[in-house]
Amino acid sequence: NIDLPFYWVHKNNSYFINDNNILRSISKKNPICHISWYEASAIAKWMGGRLPTESEWEYVATNCGRTKYPWGNEKQENIGNLNYSGNICNVDCYSNGDNDLGIRQLYGNVWEWCMEPLYPYDGFKIDPVYREFSYPFFGFKKILRGGCWAVPQVLINSRYRNAQMPDCRIQFTGFRVVKDFL
């Protein structure tokens, strides 16, 4: 029975995001946040696309597997909206973290839903701090990549993964749309 994404308000035939009781207009510059996998998948489909697979997300975040990070091989500070910055920023921020194709904010701002459920892959290591977010939920939780503003930068790298149940709407979750061209 979900009518709108969490924190959205429909008023005077327009949609707004309720941000600490301040209504912000929905804009292409502001990422959608607190959205379930189901909502993200439906919106992507409505836009003529789909959610990325985890391998597609990682491929883009590593410049086709050539670099460790979107911006290159060296870890850098202030490259994305991370480290408990206090809020979500618009999509024009942090251009210094762009990948070779100019794709922005692969790290930080909001976690990005991926299409498939969480399973281990070669080289995957269970995070010792967040063990309960992975192994008991293989096959059930959906994958999230990229981190969000409420994650310490030290945790984020091209192979770091998060996972939530697909109906989760409270973990600073957003999405990216992929369009297939034949």
# chains A, B, ... in the order shown; residues from 1 in each chain; ligands from 1

call {"tool": "select_by_dssp", "arguments": {"residues": "stretch 24-143 of chain A", "states": "strand (DSSP E or B)", "output": "PyMOL selection string"}}
result
chain A and resi 24-25+50+69+72+81+108+111-117+142-143

call {"tool": "write_last_selection", "arguments": {"atoms": "all heavy atoms", "output": "CSV table (one decimal), in the first residue's frame"}}
result
chain,number,residue,atom,x,y,z
A,24,ARG,N,11.1,20.3,0.2
A,24,ARG,CA,12.0,20.6,-0.9
A,24,ARG,C,11.4,20.0,-2.2
A,24,ARG,O,10.9,18.9,-2.1
A,24,ARG,CB,13.4,20.0,-0.7
A,24,ARG,CG,14.2,20.6,0.3
A,24,ARG,CD,15.7,20.1,0.3
A,24,ARG,NE,15.8,18.7,0.6
A,24,ARG,CZ,16.3,17.7,-0.2
A,24,ARG,NH1,16.8,18.1,-1.4
A,24,ARG,NH2,16.3,16.5,0.2
A,25,SER,N,11.4,20.8,-3.2
A,25,SER,CA,10.9,20.3,-4.5
A,25,SER,C,11.7,19.1,-5.0
A,25,SER,O,12.9,19.0,-4.8
A,25,SER,CB,11.0,21.4,-5.6
A,25,SER,OG,10.1,22.4,-5.3
A,50,ARG,N,16.6,0.0,-15.8
A,50,ARG,CA,16.6,-1.0,-14.7
A,50,ARG,C,17.7,-0.6,-13.7
A,50,ARG,O,18.5,0.3,-14.0
A,50,ARG,CB,16.9,-2.4,-15.3
A,50,ARG,CG,18.2,-2.5,-16.0
A,50,ARG,CD,18.5,-3.9,-16.5
A,50,ARG,NE,19.7,-3.9,-17.3
A,50,ARG,CZ,20.9,-3.9,-16.8
A,50,ARG,NH1,21.2,-3.8,-15.5
A,50,ARG,NH2,22.0,-4.0,-17.7
A,69,TYR,N,39.6,2.8,-7.7
A,69,TYR,CA,38.6,3.8,-7.4
A,69,TYR,C,38.1,4.5,-8.7
A,69,TYR,O,38.8,4.4,-9.7
A,69,TYR,CB,39.0,4.8,-6.4
A,69,TYR,CG,39.6,4.3,-5.2
A,69,TYR,CD1,41.0,4.2,-5.0
A,69,TYR,CD2,38.8,3.9,-4.1
A,69,TYR,CE1,41.5,3.7,-3.8
A,69,TYR,CE2,39.3,3.4,-3.0
A,69,TYR,CZ,40.7,3.3,-2.8
A,69,TYR,OH,41.2,2.8,-1.6
A,72,GLY,N,40.9,6.9,-9.8
A,72,GLY,CA,42.2,6.4,-10.0
A,72,GLY,C,42.6,5.3,-9.0
A,72,GLY,O,41.7,4.6,-8.4
A,81,ASN,N,30.6,12.4,-0.7
A,81,ASN,CA,29.8,12.9,0.5
A,81,ASN,C,29.7,11.7,1.5
A,81,ASN,O,28.8,10.9,1.5
A,81,ASN,CB,28.4,13.3,0.1
A,81,ASN,CG,27.7,14.0,1.2
A,81,ASN,OD1,28.2,14.4,2.2
A,81,ASN,ND2,26.4,14.1,1.0
A,108,GLY,N,29.5,7.7,-1.8
A,108,GLY,CA,28.9,8.7,-1.0
A,108,GLY,C,27.5,9.1,-1.4
A,108,GLY,O,26.9,8.6,-2.3
A,111,TRP,N,23.4,5.2,-0.5
A,111,TRP,CA,23.6,3.8,-1.0
A,111,TRP,C,22.8,3.6,-2.2
A,111,TRP,O,21.7,4.0,-2.4
A,111,TRP,CB,23.2,2.8,0.1
A,111,TRP,CG,24.1,2.7,1.3
A,111,TRP,CD1,23.8,3.3,2.5
A,111,TRP,CD2,25.3,2.0,1.4
A,111,TRP,NE1,24.9,2.9,3.4
A,111,TRP,CE2,25.8,2.2,2.7
A,111,TRP,CE3,26.1,1.3,0.5
A,111,TRP,CZ2,27.0,1.6,3.1
A,111,TRP,CZ3,27.3,0.8,0.9
A,111,TRP,CH2,27.7,0.9,2.2
A,112,GLU,N,23.4,2.8,-3.2
A,112,GLU,CA,22.7,2.6,-4.4
A,112,GLU,C,22.3,1.1,-4.5
A,112,GLU,O,23.1,0.2,-4.5
A,112,GLU,CB,23.6,3.0,-5.6
A,112,GLU,CG,23.9,4.4,-5.6
A,112,GLU,CD,24.9,4.8,-6.8
A,112,GLU,OE1,25.1,4.0,-7.7
A,112,GLU,OE2,25.3,6.0,-6.7
A,113,TRP,N,21.0,0.9,-4.7
A,113,TRP,CA,20.5,-0.4,-4.9
A,113,TRP,C,21.0,-1.1,-6.2
A,113,TRP,O,21.1,-0.4,-7.2
A,113,TRP,CB,19.0,-0.4,-5.0
A,113,TRP,CG,18.2,-0.1,-3.8
A,113,TRP,CD1,17.5,1.0,-3.5
A,113,TRP,CD2,18.0,-1.0,-2.6
A,113,TRP,NE1,16.9,0.9,-2.3
A,113,TRP,CE2,17.2,-0.3,-1.7
A,113,TRP,CE3,18.5,-2.3,-2.3
A,113,TRP,CZ2,16.9,-0.9,-0.5
A,113,TRP,CZ3,18.2,-2.8,-1.1
A,113,TRP,CH2,17.4,-2.1,-0.2
A,114,CYS,N,21.3,-2.4,-6.1
A,114,CYS,CA,21.7,-3.2,-7.2
A,114,CYS,C,20.6,-4.2,-7.5
A,114,CYS,O,19.8,-4.5,-6.6
A,114,CYS,CB,23.0,-3.9,-7.1
A,114,CYS,SG,24.4,-2.8,-7.0
A,115,MET,N,20.6,-4.8,-8.6
A,115,MET,CA,19.5,-5.6,-9.0
A,115,MET,C,19.3,-6.9,-8.2
A,115,MET,O,18.2,-7.4,-7.9
A,115,MET,CB,19.6,-6.0,-10.5
A,115,MET,CG,18.4,-6.7,-11.1
A,115,MET,SD,18.7,-7.2,-12.8
A,115,MET,CE,18.9,-5.6,-13.6
A,116,GLU,N,20.4,-7.6,-7.9
A,116,GLU,CA,20.4,-8.9,-7.4
A,116,GLU,C,20.5,-9.0,-5.9
A,116,GLU,O,20.9,-8.1,-5.2
A,116,GLU,CB,21.4,-9.8,-8.1
A,116,GLU,CG,22.8,-9.4,-7.8
A,116,GLU,CD,23.5,-8.5,-8.8
A,116,GLU,OE1,22.9,-7.5,-9.1
A,116,GLU,OE2,24.6,-8.8,-9.3
A,117,PRO,N,20.2,-10.3,-5.4
A,117,PRO,CA,20.3,-10.5,-4.0
A,117,PRO,C,21.8,-10.7,-3.6
A,117,PRO,O,22.6,-11.0,-4.5
A,117,PRO,CB,19.5,-11.7,-3.7
A,117,PRO,CG,19.4,-12.4,-5.0
A,117,PRO,CD,19.5,-11.4,-6.1
A,142,LYS,N,19.0,-7.5,-0.6
A,142,LYS,CA,19.5,-6.9,-1.9
A,142,LYS,C,20.7,-6.1,-1.7
A,142,LYS,O,20.9,-5.5,-0.7
A,142,LYS,CB,18.4,-6.0,-2.6
A,142,LYS,CG,17.1,-6.8,-2.9
A,142,LYS,CD,17.3,-7.7,-4.0
A,142,LYS,CE,16.0,-8.3,-4.5
A,142,LYS,NZ,16.1,-9.2,-5.6
A,143,ILE,N,21.6,-6.1,-2.7
A,143,ILE,CA,22.9,-5.5,-2.6
A,143,ILE,C,22.8,-3.9,-2.7
A,143,ILE,O,22.0,-3.4,-3.6
A,143,ILE,CB,23.9,-6.0,-3.7
A,143,ILE,CG1,24.1,-7.5,-3.5
A,143,ILE,CG2,25.2,-5.2,-3.7
A,143,ILE,CD1,24.7,-8.2,-4.6

call {"tool": "residues_around", "arguments": {"residues": "A:Phe172", "least_positions_apart": "2", "cutoff": "6 Å", "atoms": "only C-alpha atoms", "output": "PyMOL selection string"}}
result
chain A and resi 33-34+110+170

call {"tool": "write_last_selection", "arguments": {"atoms": "all heavy atoms", "output": "PDB file, in the first residue's frame"}}
result
ATOM      1  N   CYS A  33      16.121   9.581  -1.779  1.00  0.00           N
ATOM      2  CA  CYS A  33      16.679   8.870  -0.627  1.00  0.00           C
ATOM      3  C   CYS A  33      15.553   8.201   0.150  1.00  0.00           C
ATOM      4  O   CYS A  33      14.405   8.624   0.074  1.00  0.00           O
ATOM      5  CB  CYS A  33      17.421   9.870   0.251  1.00  0.00           C
ATOM      6  SG  CYS A  33      18.300   9.104   1.620  1.00  0.00           S
ATOM      7  N   HIS A  34      15.900   7.178   0.905  1.00  0.00           N
ATOM      8  CA  HIS A  34      14.943   6.417   1.727  1.00  0.00           C
ATOM      9  C   HIS A  34      13.898   5.757   0.830  1.00  0.00           C
ATOM     10  O   HIS A  34      12.703   5.890   1.030  1.00  0.00           O
ATOM     11  CB  HIS A  34      14.269   7.311   2.767  1.00  0.00           C
ATOM     12  CG  HIS A  34      15.226   7.961   3.698  1.00  0.00           C
ATOM     13  ND1 HIS A  34      16.084   7.245   4.499  1.00  0.00           N
ATOM     14  CD2 HIS A  34      15.474   9.261   3.948  1.00  0.00           C
ATOM     15  CE1 HIS A  34      16.811   8.084   5.211  1.00  0.00           C
ATOM     16  NE2 HIS A  34      16.471   9.302   4.888  1.00  0.00           N
ATOM     17  N   VAL A 110      24.179   8.645  -1.199  1.00  0.00           N
ATOM     18  CA  VAL A 110      23.198   7.614  -0.841  1.00  0.00           C
ATOM     19  C   VAL A 110      23.720   6.246  -1.289  1.00  0.00           C
ATOM     20  O   VAL A 110      24.442   6.142  -2.271  1.00  0.00           O
ATOM     21  CB  VAL A 110      21.809   7.872  -1.477  1.00  0.00           C
ATOM     22  CG1 VAL A 110      21.189   9.147  -0.950  1.00  0.00           C
ATOM     23  CG2 VAL A 110      21.866   7.889  -2.989  1.00  0.00           C
ATOM     24  N   ILE A 170      14.905   3.031   5.190  1.00  0.00           N
ATOM     25  CA  ILE A 170      15.429   3.950   6.202  1.00  0.00           C
ATOM     26  C   ILE A 170      16.952   4.000   6.273  1.00  0.00           C
ATOM     27  O   ILE A 170      17.496   4.559   7.203  1.00  0.00           O
ATOM     28  CB  ILE A 170      14.875   3.586   7.600  1.00  0.00           C
ATOM     29  CG1 ILE A 170      15.260   2.154   7.967  1.00  0.00           C
ATOM     30  CG2 ILE A 170      13.389   3.808   7.685  1.00  0.00           C
ATOM     31  CD1 ILE A 170      14.985   1.776   9.393  1.00  0.00           C
TER      32      ILE A 170
END

call {"tool": "closest_residue", "arguments": {"among": "A:Asp127, A:Leu118, A:Gly174, A:Tyr38", "to": "A:Tyr160", "atoms": "only C-alpha atoms"}}
result
A:Asp127

call {"tool": "residues_around", "arguments": {"residues": "A:Lys29", "least_positions_apart": "2", "cutoff": "12 Å", "atoms": "only C-alpha atoms", "output": "PyMOL selection string"}}
result
chain A and resi 24-27+31-32+88-93+104

call {"tool": "write_last_selection", "arguments": {"atoms": "N, CA, C and O atoms", "output": "PDB file, in the first residue's frame"}}
result
ATOM      1  N   ARG A  24      11.140  20.323   0.227  1.00  0.00           N
ATOM      2  CA  ARG A  24      12.021  20.619  -0.905  1.00  0.00           C
ATOM      3  C   ARG A  24      11.404  20.034  -2.165  1.00  0.00           C
ATOM      4  O   ARG A  24      10.910  18.910  -2.145  1.00  0.00           O
ATOM      5  N   SER A  25      11.437  20.767  -3.240  1.00  0.00           N
ATOM      6  CA  SER A  25      10.911  20.277  -4.517  1.00  0.00           C
ATOM      7  C   SER A  25      11.731  19.087  -4.988  1.00  0.00           C
ATOM      8  O   SER A  25      12.936  19.037  -4.778  1.00  0.00           O
ATOM      9  N   ILE A  26      11.061  18.163  -5.650  1.00  0.00           N
ATOM     10  CA  ILE A  26      11.759  17.053  -6.282  1.00  0.00           C
ATOM     11  C   ILE A  26      12.528  17.648  -7.455  1.00  0.00           C
ATOM     12  O   ILE A  26      11.991  18.410  -8.247  1.00  0.00           O
ATOM     13  N   SER A  27      13.786  17.292  -7.573  1.00  0.00           N
ATOM     14  CA  SER A  27      14.637  17.883  -8.600  1.00  0.00           C
ATOM     15  C   SER A  27      15.606  16.838  -9.119  1.00  0.00           C
ATOM     16  O   SER A  27      15.995  15.922  -8.397  1.00  0.00           O
ATOM     17  N   PRO A  31      19.288  13.700  -5.138  1.00  0.00           N
ATOM     18  CA  PRO A  31      19.017  12.260  -5.228  1.00  0.00           C
ATOM     19  C   PRO A  31      17.815  11.863  -4.384  1.00  0.00           C
ATOM     20  O   PRO A  31      17.530  12.477  -3.365  1.00  0.00           O
ATOM     21  N   ILE A  32      17.120  10.854  -4.853  1.00  0.00           N
ATOM     22  CA  ILE A  32      16.022  10.290  -4.078  1.00  0.00           C
ATOM     23  C   ILE A  32      16.638   9.450  -2.976  1.00  0.00           C
ATOM     24  O   ILE A  32      17.584   8.709  -3.201  1.00  0.00           O
ATOM     25  N   ILE A  88      22.422  14.978   2.664  1.00  0.00           N
ATOM     26  CA  ILE A  88      22.593  14.599   1.276  1.00  0.00           C
ATOM     27  C   ILE A  88      22.879  15.867   0.476  1.00  0.00           C
ATOM     28  O   ILE A  88      22.283  16.905   0.731  1.00  0.00           O
ATOM     29  N   CYS A  89      23.778  15.782  -0.478  1.00  0.00           N
ATOM     30  CA  CYS A  89      24.082  16.938  -1.329  1.00  0.00           C
ATOM     31  C   CYS A  89      23.525  16.709  -2.730  1.00  0.00           C
ATOM     32  O   CYS A  89      23.140  15.596  -3.075  1.00  0.00           O
ATOM     33  N   ASN A  90      23.497  17.759  -3.538  1.00  0.00           N
ATOM     34  CA  ASN A  90      22.990  17.577  -4.902  1.00  0.00           C
ATOM     35  C   ASN A  90      24.019  16.835  -5.746  1.00  0.00           C
ATOM     36  O   ASN A  90      25.166  16.678  -5.353  1.00  0.00           O
ATOM     37  N   VAL A  91      23.577  16.406  -6.904  1.00  0.00           N
ATOM     38  CA  VAL A  91      24.403  15.514  -7.722  1.00  0.00           C
ATOM     39  C   VAL A  91      25.579  16.197  -8.404  1.00  0.00           C
ATOM     40  O   VAL A  91      26.420  15.533  -8.989  1.00  0.00           O
ATOM     41  N   ASP A  92      25.656  17.512  -8.353  1.00  0.00           N
ATOM     42  CA  ASP A  92      26.784  18.223  -8.955  1.00  0.00           C
ATOM     43  C   ASP A  92      28.009  18.258  -8.051  1.00  0.00           C
ATOM     44  O   ASP A  92      29.094  18.620  -8.501  1.00  0.00           O
ATOM     45  N   CYS A  93      27.869  17.903  -6.798  1.00  0.00           N
ATOM     46  CA  CYS A  93      28.980  17.963  -5.842  1.00  0.00           C
ATOM     47  C   CYS A  93      29.999  16.855  -6.107  1.00  0.00           C
ATOM     48  O   CYS A  93      29.658  15.808  -6.642  1.00  0.00           O
ATOM     49  N   ARG A 104      29.387  10.524 -11.797  1.00  0.00           N
ATOM     50  CA  ARG A 104      29.634  11.186 -10.522  1.00  0.00           C
ATOM     51  C   ARG A 104      28.992  10.449  -9.349  1.00  0.00           C
ATOM     52  O   ARG A 104      27.978   9.793  -9.483  1.00  0.00           O
TER      53      ARG A 104
END

call {"tool": "residues_around", "arguments": {"residues": "A:Gly80", "least_positions_apart": "2", "cutoff": "7 Å", "atoms": "only C-alpha atoms", "output": "number ranges by chain"}}
result
A: 78, 82, 94, 97, 105, 107-108

call {"tool": "write_last_selection", "arguments": {"atoms": "N, CA, C and O atoms", "output": "short mmCIF file (atom, residue, chain, number, x, y, z; two decimals), in the first residue's frame"}}
result
data_model
loop_
_atom_site.label_atom_id
_atom_site.label_comp_id
_atom_site.auth_asym_id
_atom_site.auth_seq_id
_atom_site.Cartn_x
_atom_site.Cartn_y
_atom_site.Cartn_z
N ASN A 78 38.00 13.55 0.98
CA ASN A 78 36.97 14.47 0.48
C ASN A 78 36.63 14.23 -0.99
O ASN A 78 36.49 15.16 -1.77
N LEU A 82 30.77 11.59 2.33
CA LEU A 82 30.90 10.52 3.31
C LEU A 82 31.22 11.13 4.68
O LEU A 82 31.12 12.33 4.86
N TYR A 94 31.23 17.08 -5.70
CA TYR A 94 32.32 16.10 -5.71
C TYR A 94 32.72 15.63 -7.11
O TYR A 94 32.92 14.44 -7.35
N GLY A 97 35.64 13.17 -7.79
CA GLY A 97 35.49 11.73 -7.65
C GLY A 97 34.92 11.06 -8.89
O GLY A 97 34.63 9.86 -8.87
N GLN A 105 29.61 10.63 -8.21
CA GLN A 105 29.11 10.17 -6.91
C GLN A 105 28.84 8.67 -6.86
O GLN A 105 27.82 8.23 -6.37
N TYR A 107 30.65 7.02 -5.00
CA TYR A 107 30.90 6.85 -3.57
C TYR A 107 30.25 8.01 -2.82
O TYR A 107 30.48 9.17 -3.14
N GLY A 108 29.47 7.67 -1.81
CA GLY A 108 28.90 8.69 -0.95
C GLY A 108 27.50 9.12 -1.37
O GLY A 108 26.93 8.64 -2.32
#

call {"tool": "closest_residue", "arguments": {"among": "A:Asn99, A:Glu58, A:Arg169, A:Ile22", "to": "A:Leu4", "atoms": "only C-alpha atoms"}}
result
A:Arg169

call {"tool": "residues_around", "arguments": {"residues": "A:Ile17", "least_positions_apart": "2", "cutoff": "6 Å", "atoms": "only C-alpha atoms", "output": "number ranges by chain"}}
result
A: 7-8, 19, 23-24

call {"tool": "atom_distance", "arguments": {"atom1": "atom CA of A:Gln164", "atom2": "atom CA of A:Tyr135"}}
result
12.0 Å

call {"tool": "closest_residue", "arguments": {"among": "A:Asp167, A:Arg159, A:Asn12, A:Gln153", "to": "A:Glu77", "atoms": "only C-alpha atoms"}}
result
A:Gln153

call {"tool": "residues_around", "arguments": {"residues": "A:Trp71", "least_positions_apart": "3", "cutoff": "9 Å", "atoms": "only C-alpha atoms", "output": "ChimeraX atom specification"}}
result
/A:61-63,67-68,74-76,79,96-100

call {"tool": "write_last_selection", "arguments": {"atoms": "N, CA, C and O atoms", "output": "compact mmCIF listing (two decimals), in the first residue's frame"}}
result
# COMPACT_ATOMS: atom_id res chain seq x y z
N ALA A 61 32.65 1.67 -11.37
CA ALA A 61 33.38 2.27 -10.25
C ALA A 61 34.88 2.03 -10.31
O ALA A 61 35.64 2.68 -9.60
N THR A 62 35.31 1.10 -11.16
CA THR A 62 36.74 0.81 -11.30
C THR A 62 37.24 1.08 -12.72
O THR A 62 38.25 0.54 -13.13
N ASN A 63 36.50 1.92 -13.46
CA ASN A 63 36.90 2.25 -14.84
C ASN A 63 37.20 1.00 -15.65
O ASN A 63 38.31 0.81 -16.15
N THR A 67 41.16 0.56 -12.55
CA THR A 67 41.58 1.34 -11.38
C THR A 67 40.90 0.81 -10.12
O THR A 67 39.90 0.11 -10.18
N LYS A 68 41.44 1.18 -9.00
CA LYS A 68 40.89 0.75 -7.72
C LYS A 68 39.66 1.58 -7.33
O LYS A 68 38.75 1.09 -6.68
N GLU A 74 44.82 5.78 -6.19
CA GLU A 74 45.22 6.29 -4.88
C GLU A 74 44.01 6.72 -4.06
O GLU A 74 43.12 7.39 -4.58
N LYS A 75 44.00 6.34 -2.80
CA LYS A 75 42.94 6.78 -1.90
C LYS A 75 43.07 8.29 -1.71
O LYS A 75 44.17 8.81 -1.57
N GLN A 76 41.95 9.00 -1.73
CA GLN A 76 41.95 10.45 -1.55
C GLN A 76 40.90 10.84 -0.54
O GLN A 76 39.88 10.16 -0.38
N ILE A 79 36.50 12.97 -1.34
CA ILE A 79 36.23 12.60 -2.72
C ILE A 79 34.74 12.30 -2.94
O ILE A 79 34.29 12.16 -4.05
N ASN A 96 35.51 15.84 -8.31
CA ASN A 96 36.85 15.25 -8.24
C ASN A 96 36.82 13.74 -8.05
O ASN A 96 37.84 13.08 -8.15
N GLY A 97 35.64 13.17 -7.79
CA GLY A 97 35.49 11.73 -7.65
C GLY A 97 34.92 11.06 -8.89
O GLY A 97 34.63 9.86 -8.87
N ASP A 98 34.75 11.81 -9.98
CA ASP A 98 34.18 11.24 -11.21
C ASP A 98 35.06 10.11 -11.76
O ASP A 98 36.28 10.14 -11.61
N ASN A 99 34.42 9.17 -12.44
CA ASN A 99 35.20 8.15 -13.14
C ASN A 99 35.62 8.68 -14.50
O ASN A 99 35.32 9.83 -14.85
N ASP A 100 36.29 7.87 -15.30
CA ASP A 100 36.79 8.30 -16.61
C ASP A 100 35.68 8.71 -17.57
O ASP A 100 35.92 9.46 -18.51

call {"tool": "select_by_dssp", "arguments": {"residues": "stretch 72-179 of chain A", "states": "helix (DSSP H, G or I)", "output": "JSON, numbers by chain"}}
result
{"A": [95, 96, 97, 131, 132, 133, 135, 136, 137, 153, 154, 155]}

call {"tool": "write_last_selection", "arguments": {"atoms": "N, CA, C and O atoms", "output": "mmCIF file, in the first residue's frame"}}
result
data_model
loop_
_atom_site.group_PDB
_atom_site.id
_atom_site.type_symbol
_atom_site.label_atom_id
_atom_site.label_comp_id
_atom_site.auth_asym_id
_atom_site.auth_seq_id
_atom_site.Cartn_x
_atom_site.Cartn_y
_atom_site.Cartn_z
ATOM 1 N N SER A 95 32.882 16.553 -8.008
ATOM 2 C CA SER A 95 33.312 16.185 -9.361
ATOM 3 C C SER A 95 34.715 15.574 -9.368
ATOM 4 O O SER A 95 35.065 14.850 -10.291
ATOM 5 N N ASN A 96 35.506 15.838 -8.309
ATOM 6 C CA ASN A 96 36.854 15.253 -8.244
ATOM 7 C C ASN A 96 36.815 13.742 -8.046
ATOM 8 O O ASN A 96 37.837 13.078 -8.150
ATOM 9 N N GLY A 97 35.640 13.172 -7.793
ATOM 10 C CA GLY A 97 35.491 11.735 -7.654
ATOM 11 C C GLY A 97 34.916 11.059 -8.886
ATOM 12 O O GLY A 97 34.630 9.860 -8.870
ATOM 13 N N ARG A 131 29.107 -8.112 10.558
ATOM 14 C CA ARG A 131 28.904 -9.506 10.153
ATOM 15 C C ARG A 131 27.439 -9.817 9.863
ATOM 16 O O ARG A 131 27.114 -10.493 8.895
ATOM 17 N N GLU A 132 26.545 -9.312 10.709
ATOM 18 C CA GLU A 132 25.125 -9.653 10.595
ATOM 19 C C GLU A 132 24.465 -9.083 9.344
ATOM 20 O O GLU A 132 23.353 -9.444 9.011
ATOM 21 N N PHE A 133 25.154 -8.202 8.632
ATOM 22 C CA PHE A 133 24.587 -7.648 7.414
ATOM 23 C C PHE A 133 24.838 -8.523 6.199
ATOM 24 O O PHE A 133 24.417 -8.194 5.108
ATOM 25 N N TYR A 135 26.276 -12.699 5.890
ATOM 26 C CA TYR A 135 26.117 -14.151 5.737
ATOM 27 C C TYR A 135 24.758 -14.723 6.140
ATOM 28 O O TYR A 135 24.286 -15.645 5.493
ATOM 29 N N PRO A 136 24.062 -14.226 7.177
ATOM 30 C CA PRO A 136 22.764 -14.863 7.462
ATOM 31 C C PRO A 136 21.706 -14.552 6.408
ATOM 32 O O PRO A 136 20.662 -15.169 6.384
ATOM 33 N N PHE A 137 21.994 -13.607 5.539
ATOM 34 C CA PHE A 137 20.970 -13.127 4.617
ATOM 35 C C PHE A 137 21.297 -13.384 3.149
ATOM 36 O O PHE A 137 20.695 -12.783 2.276
ATOM 37 N N GLN A 153 34.558 7.211 5.549
ATOM 38 C CA GLN A 153 35.245 7.011 4.269
ATOM 39 C C GLN A 153 36.210 5.838 4.314
ATOM 40 O O GLN A 153 36.419 5.173 3.319
ATOM 41 N N VAL A 154 36.757 5.534 5.465
ATOM 42 C CA VAL A 154 37.731 4.453 5.578
ATOM 43 C C VAL A 154 37.129 3.097 5.174
ATOM 44 O O VAL A 154 37.836 2.208 4.738
ATOM 45 N N LEU A 155 35.820 2.953 5.277
ATOM 46 C CA LEU A 155 35.174 1.688 4.917
ATOM 47 C C LEU A 155 34.938 1.530 3.425
ATOM 48 O O LEU A 155 34.772 0.419 2.928
#

call {"tool": "closest_residue", "arguments": {"among": "A:His10, A:Arg66, A:Arg145, A:Arg161", "to": "A:Asn109", "atoms": "only C-alpha atoms"}}
result
A:Arg145

call {"tool": "atom_distance", "arguments": {"atom1": "atom CA of A:Gly48", "atom2": "atom CA of A:Arg176"}}
result
12.4 Å
